[in-house]
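Undergrad: I am attaching a structure below and will ask some questions about it afterwards.
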Amino acid sequence: MKPIPYGRQHITDEDIAAVVETLKSDFLTQGPKIDEFERKFAEYVGAPYAVAVNNATSGLHIAAKALGVGPGTKVIVTPLTFAASANCIRYCGSDVTFCDINPDTYLMDAAKLEQILESHPAGTFSGIVIVDFAGYPHNLEQYREIADRHGLWIIEDACHAPGAWYTDSKGERQLTGNCRYADCTIFSFHPVKHIATGEGGMVTTAKPELLERLRLYRTHGITKDASKLEKNDGGWYYEMQDLGFNYRITDFQAALGISQLSRAEAGLERRQEIARRYDEAFKGNDKIKTPYRSEDVRHAFHLYVIKVPDRKALYDALRANGVMAQVHYVPLHLMPYYRQLGNAPGQLPVVEDYYEHCLSLPMYPTLTDEEQEYVIKQVLQHV
Ligand SMILES: *Cc1c(COP(=O)(O)O)cnc(C)c1O
């Protein structure tokens with residue numbers, strides 16, 4: 001059997017045809033497929049607006065910049081994430097304070113967040129970056145209530161969670177990224193994520209003023225929009241109104257994204273099915289802690305993470321047998337860069353314990369039943 005990765009993309013003949021068609025069109029970048037991808041993605045997650053970018057890291061950066069992140073304030077970030085969720089704050093010259101995670105959901109612990117906020121003078125923090133880790137969505141209504149009491153904005157890094165939802169206090173389903181409560185939500189289209197465009201990302205928002213700034217920062221801070229220009233010298237005229245970047249996605253990547261998006265629900269269904277099979281196979285095994293489940297949410301299962309007593313031994317045994325399990329993540333506060341900024345081991349006991357025991361098992365729509373049974377057998381044999 002070929003080695004089984006922890007995640008992988010699924011490219012169909014339809015995807016390839018969509019890209020080829022765009023390559024033969026008049027636009028390679030900045031064409032009609034980008035608008036269409038933004039419109040369809042916004043509809044999929046129930047958001048008023050969406051801005052496509054060249055990757056999620058760029059999306060996080062312009063979201064932070066659009067929200068006014070800068071020197072002099074601090075931002076509270078979860079340590080259990082990919083580096084980009086915190087780096088975007090550093091790009092803008094602001095300081096990062098890490099908040100420990102909940103031991104069950106692995107999301108930023110709301111009680112600890114309140115403790116941090118209450119033990120600092122008002123105005124210390126400008127916002128929070130939360131991550132729907134593994135695909136488990138935050139109850140944003142709850143975090144909004146905390147954020148409002150302390151005058152904070154919310155960036156939701158939903159790179160793991162397109163298609164997820166939670167149930168609010170009125171019993172209504174709130175789709176991840178609809179921005180009912182978050183200021184900006186960011187998605188990634190890296191090949192291991194749910195929707196793949198090679199490199200790619202999307203920022204959703206419900207606020208027109210943020211939409212305007214996101215679009216400006218995506219393209220050098222330049223606008224040609226006649227209604228926003230200080231003057232107008234003629235049809236050629238444009239203005240650079242702020243310092244921005246080139247964070248644009250190409251038209252052929254957007255075409256791939258549109259094609260992939262049409263299969264997003266089917267992929268999510270398959271991920272649920274795989275998760276249920278793992279849950280069932282490991283039920284009652286006291287050495288394996290399976291992911292937290294709740295009827296109130298739809299888990300998007302970017303990752304299926306188990307906790308085991310001897311993670312290193314299991315990791316090595318699985319690798320030796322062709323199962324390429326992975327560790328998500330080394331907590332950010334333990335990275336040399338963030339240690340140099342004043343963080344230290346022992347600071348966040350829950351995420352540090354999580355890190356000692358976690359392992360992400362293969363989870364992607366094209367994982368076959370036969371491959372999954374093999375993974376299960378190997379885990380049970382070596383745990
Ligand atoms: C993948 C990922 C990113 C970065 O995405 P890119 O598109 O590769 O820039 C950021 N945050 C999280 C949680 C991710 O999983």
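Ligands are numbered from 1 in the order shown, residues from 1 within each chain, and chains are lettered A, B, ... in the order they appear in the structure tokens.
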With only C-alpha atoms as the counted atoms, please give the residues lying no more than 12 Å from A:Gly68, apart from itself and same-chain residues fewer than 6 positions off, as a tab-separated table (two decimals) with N, CA, C and O atoms, in the first residue's frame.

TA:
```tsv
chain	number	residue	atom	x	y	z
A	61	HIS	N	-3.19	39.22	7.19
A	61	HIS	CA	-2.45	40.48	7.26
A	61	HIS	C	-3.34	41.68	6.92
A	61	HIS	O	-3.41	42.64	7.69
A	62	ILE	N	-4.08	41.59	5.80
A	62	ILE	CA	-4.89	42.76	5.44
A	62	ILE	C	-6.10	42.91	6.35
A	62	ILE	O	-6.58	44.03	6.58
A	74	LYS	N	-2.03	45.57	22.10
A	74	LYS	CA	-1.76	44.13	22.07
A	74	LYS	C	-2.98	43.40	21.56
A	74	LYS	O	-4.11	43.90	21.63
A	75	VAL	N	-2.73	42.18	21.07
A	75	VAL	CA	-3.81	41.34	20.54
A	75	VAL	C	-3.70	39.96	21.18
A	75	VAL	O	-2.59	39.43	21.34
A	89	ILE	N	-0.33	39.76	13.22
A	89	ILE	CA	-0.35	40.85	14.21
A	89	ILE	C	1.04	41.48	14.30
A	89	ILE	O	1.19	42.71	14.37
A	92	CYS	N	1.98	43.93	11.60
A	92	CYS	CA	1.42	45.27	11.79
A	92	CYS	C	2.06	46.01	12.96
A	92	CYS	O	1.62	47.10	13.34
A	93	GLY	N	3.06	45.37	13.59
A	93	GLY	CA	3.81	46.05	14.66
A	93	GLY	C	3.14	46.02	16.02
A	93	GLY	O	3.49	46.79	16.91
A	94	SER	N	2.16	45.11	16.19
A	94	SER	CA	1.49	45.01	17.48
A	94	SER	C	2.02	43.79	18.24
A	94	SER	O	2.61	42.89	17.65
A	126	SER	N	-6.51	45.40	21.67
A	126	SER	CA	-7.43	45.94	20.66
A	126	SER	C	-8.34	44.86	20.08
A	126	SER	O	-9.41	45.16	19.55
A	127	GLY	N	-7.91	43.58	20.15
A	127	GLY	CA	-8.74	42.54	19.56
A	127	GLY	C	-8.25	41.15	19.87
A	127	GLY	O	-7.26	40.97	20.61
A	152	LEU	N	-13.34	45.13	21.85
A	152	LEU	CA	-12.38	44.42	20.99
A	152	LEU	C	-12.99	44.04	19.65
A	152	LEU	O	-14.19	43.77	19.55
A	153	TRP	N	-12.16	43.98	18.62
A	153	TRP	CA	-12.58	43.38	17.36
A	153	TRP	C	-12.26	41.88	17.40
A	153	TRP	O	-11.45	41.42	18.25
A	210	LEU	N	-14.85	47.86	6.07
A	210	LEU	CA	-13.74	46.89	6.07
A	210	LEU	C	-13.53	46.33	4.66
A	210	LEU	O	-12.40	46.16	4.22
A	213	ARG	N	-11.42	48.66	2.65
A	213	ARG	CA	-9.99	48.65	3.04
A	213	ARG	C	-9.31	47.34	2.62
A	213	ARG	O	-8.16	47.34	2.20
A	214	LEU	N	-10.03	46.22	2.74
A	214	LEU	CA	-9.44	44.93	2.32
A	214	LEU	C	-9.09	44.97	0.84
A	214	LEU	O	-8.01	44.54	0.44
```

Undergrad: Neighbours of ligand 1 within 8 Å, counting only C-alpha atoms and all ligand atoms, as a list in words?

TA: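 Residues lying within 8 Å of ligand 1: Asn54, Asn55, Ala56, Thr57, Ser58, Gly59, Leu60, Thr81, Phe82, Ala83, Ala84, Ser85, Val131, Asp132, Phe133, Asp157, Ala158, Cys159, His160, Phe187, Ser188, Phe189, His190, Val192, Lys193, Glu199, Gly200 and Gly201 of chain A.
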
Undergrad: Which residue, A:Thr97, A:Ser259, A:Thr78, A:Asn321, has the smallest gap to A:Glu36 when you use only C-alpha atoms?

TA: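 The answer is A:Ser259, which sits nearest to A:Glu36.
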
Undergrad: Which parts of stretch 129-248 of chain A does DSSP call helix (DSSP H, G or I) when run on the backbone here, written out as a list in words?

TA: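 Secondary structure check on stretch 129-248 of chain A, helix (DSSP H, G or I): Phe133, Ala134, Gly135, Leu140, Glu141, Gln142, Tyr143, Arg144, Glu145, Ile146, Ala147, Asp148, Arg149, Pro208, Glu209, Leu210, Leu211, Glu212, Arg213, Leu214, Arg215, Leu216, Tyr217, Arg218, Ala226, Ser227 and Lys228 of chain A.
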
Undergrad: Could you name the residues that touch A:Gln381 at 12 Å or less, counting only C-alpha atoms, but leaving out those on the same chain fewer than 2 positions away, as number ranges by chain?

TA: A: 282, 285, 287, 313-314, 317-318, 321, 374-379, 383

Undergrad: Taking 5 positions as the minimum chain separation for residues in the same chain, which residues sit within 10 Å of A:Ala206 when counting only C-alpha atoms? Answer as a PyMOL selection string.

TA: chain A and resi 46-50+177-185+211

Undergrad: Quick check for you: according to DSSP on this backbone, which residues of stretch 139-192 of chain A are classed as strand (DSSP E or B)? Reply as a list in words.

TA: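 Across stretch 139-192 of chain A, those assigned strand (DSSP E or B) are Trp153, Ile154, Ile155, Glu156, Asp157, Trp165, Tyr166, Thr167, Arg173, Gln174, Leu175, Cys184, Thr185, Ile186, Phe187 and Ser188 of chain A.
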
Undergrad: To one decimal place, how far is atom CA of A:Ala300 from atom CA of A:Ala320 in Å?

TA: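 Between atom CA of A:Ala300 and atom CA of A:Ala320 the gap works out to 28.9 Å.
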
Undergrad: Excluding A:Cys99 and its own-chain neighbours fewer than 4 positions away, which residues fall within 10 Å of it when counting only C-alpha atoms? Please give them as a ChimeraX atom specification.

TA: /A:76-80,107-116,128,130,333,347-348,351

Undergrad: If we count only C-alpha atoms and set the cut-off at 12 Å, which residues sit around A:Tyr315, ignoring sequence neighbours fewer than 5 positions away in its own chain? Please answer as an MDAnalysis selection string.

TA: chainID A and resid 6 306:310 320:327 356:361 375 378:379 382:383

Undergrad: Quick one: write out the picked residues with C-alpha atoms as a compact mmCIF listing (two decimals), in the first residue's frame?

TA:
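Output (out.txt):
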```txt
# COMPACT_ATOMS: atom_id res chain seq x y z
CA TYR A 6 -2.78 13.03 6.85
CA ILE A 306 -6.53 11.97 18.97
CA LYS A 307 -4.66 12.23 22.27
CA VAL A 308 -2.63 9.18 23.37
CA PRO A 309 -0.29 8.45 26.31
CA ASP A 310 2.86 7.88 24.22
CA ALA A 320 7.16 2.89 9.87
CA ASN A 321 3.95 1.29 8.60
CA GLY A 322 3.13 3.91 5.97
CA VAL A 323 0.63 5.99 7.93
CA MET A 324 1.87 9.59 7.76
CA ALA A 325 0.15 10.94 10.87
CA GLN A 326 1.08 14.50 11.83
CA VAL A 327 1.29 16.81 14.84
CA GLU A 356 2.69 16.20 24.33
CA HIS A 357 -0.10 13.79 23.40
CA CYS A 358 -1.77 14.89 20.15
CA LEU A 359 -1.69 13.14 16.78
CA SER A 360 -3.66 13.94 13.60
CA LEU A 361 -4.81 10.84 11.73
CA VAL A 375 -5.05 3.14 9.73
CA GLN A 378 -2.28 0.21 12.96
CA VAL A 379 -3.39 2.69 15.65
CA HIS A 382 0.63 0.35 18.37
CA VAL A 383 -1.13 2.68 20.83
```

Undergrad: May I have the residues within 9 Å of A:Gly31 as a PyMOL selection string, using only C-alpha atoms and disregarding those fewer than 6 positions away in the same chain?

TA: chain A and resi 250-252

Undergrad: Write out, as an mmCIF file, in the first residue's frame, the residues just selected, with N, CA, C and O atoms.

TA:
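The resulting out.cif:
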```
data_model
loop_
_atom_site.group_PDB
_atom_site.id
_atom_site.type_symbol
_atom_site.label_atom_id
_atom_site.label_comp_id
_atom_site.auth_asym_id
_atom_site.auth_seq_id
_atom_site.Cartn_x
_atom_site.Cartn_y
_atom_site.Cartn_z
ATOM 1 N N THR A 250 -5.008 34.695 -8.896
ATOM 2 C CA THR A 250 -5.156 34.729 -10.360
ATOM 3 C C THR A 250 -6.540 34.224 -10.767
ATOM 4 O O THR A 250 -7.211 33.516 -10.001
ATOM 5 N N ASP A 251 -6.922 34.565 -12.001
ATOM 6 C CA ASP A 251 -8.224 34.131 -12.501
ATOM 7 C C ASP A 251 -8.316 32.607 -12.641
ATOM 8 O O ASP A 251 -9.360 32.026 -12.389
ATOM 9 N N PHE A 252 -7.207 31.969 -13.047
ATOM 10 C CA PHE A 252 -7.303 30.503 -13.224
ATOM 11 C C PHE A 252 -7.349 29.775 -11.885
ATOM 12 O O PHE A 252 -7.947 28.707 -11.776
#
```

Undergrad: Let me make sure I understand: among A:Gly163, A:Gly346, A:Gly171, A:Pro362, which one has the smallest atom-to-atom distance to A:His299 if we use only C-alpha atoms?

TA: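 Of the candidates, the smallest distance to A:His299 is held by A:Gly163.
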
Undergrad: Which residue is closest to A:Thr29? Choose from A:Val350, A:Met363, A:Ala255, A:Cys88 and count only C-alpha atoms.

TA: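 The shortest atom-to-atom distance to A:Thr29 comes from A:Ala255.
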
Undergrad: Have a look at atom CA of A:Gln272 and atom CA of A:Thr204 and let me know their distance in Å, one decimal.

TA: 24.7 Å

Undergrad: Please, what distance in Å, to one decimal, runs between atom CA of A:Pro336 and atom CA of A:Arg319?

TA: 26.9 Å
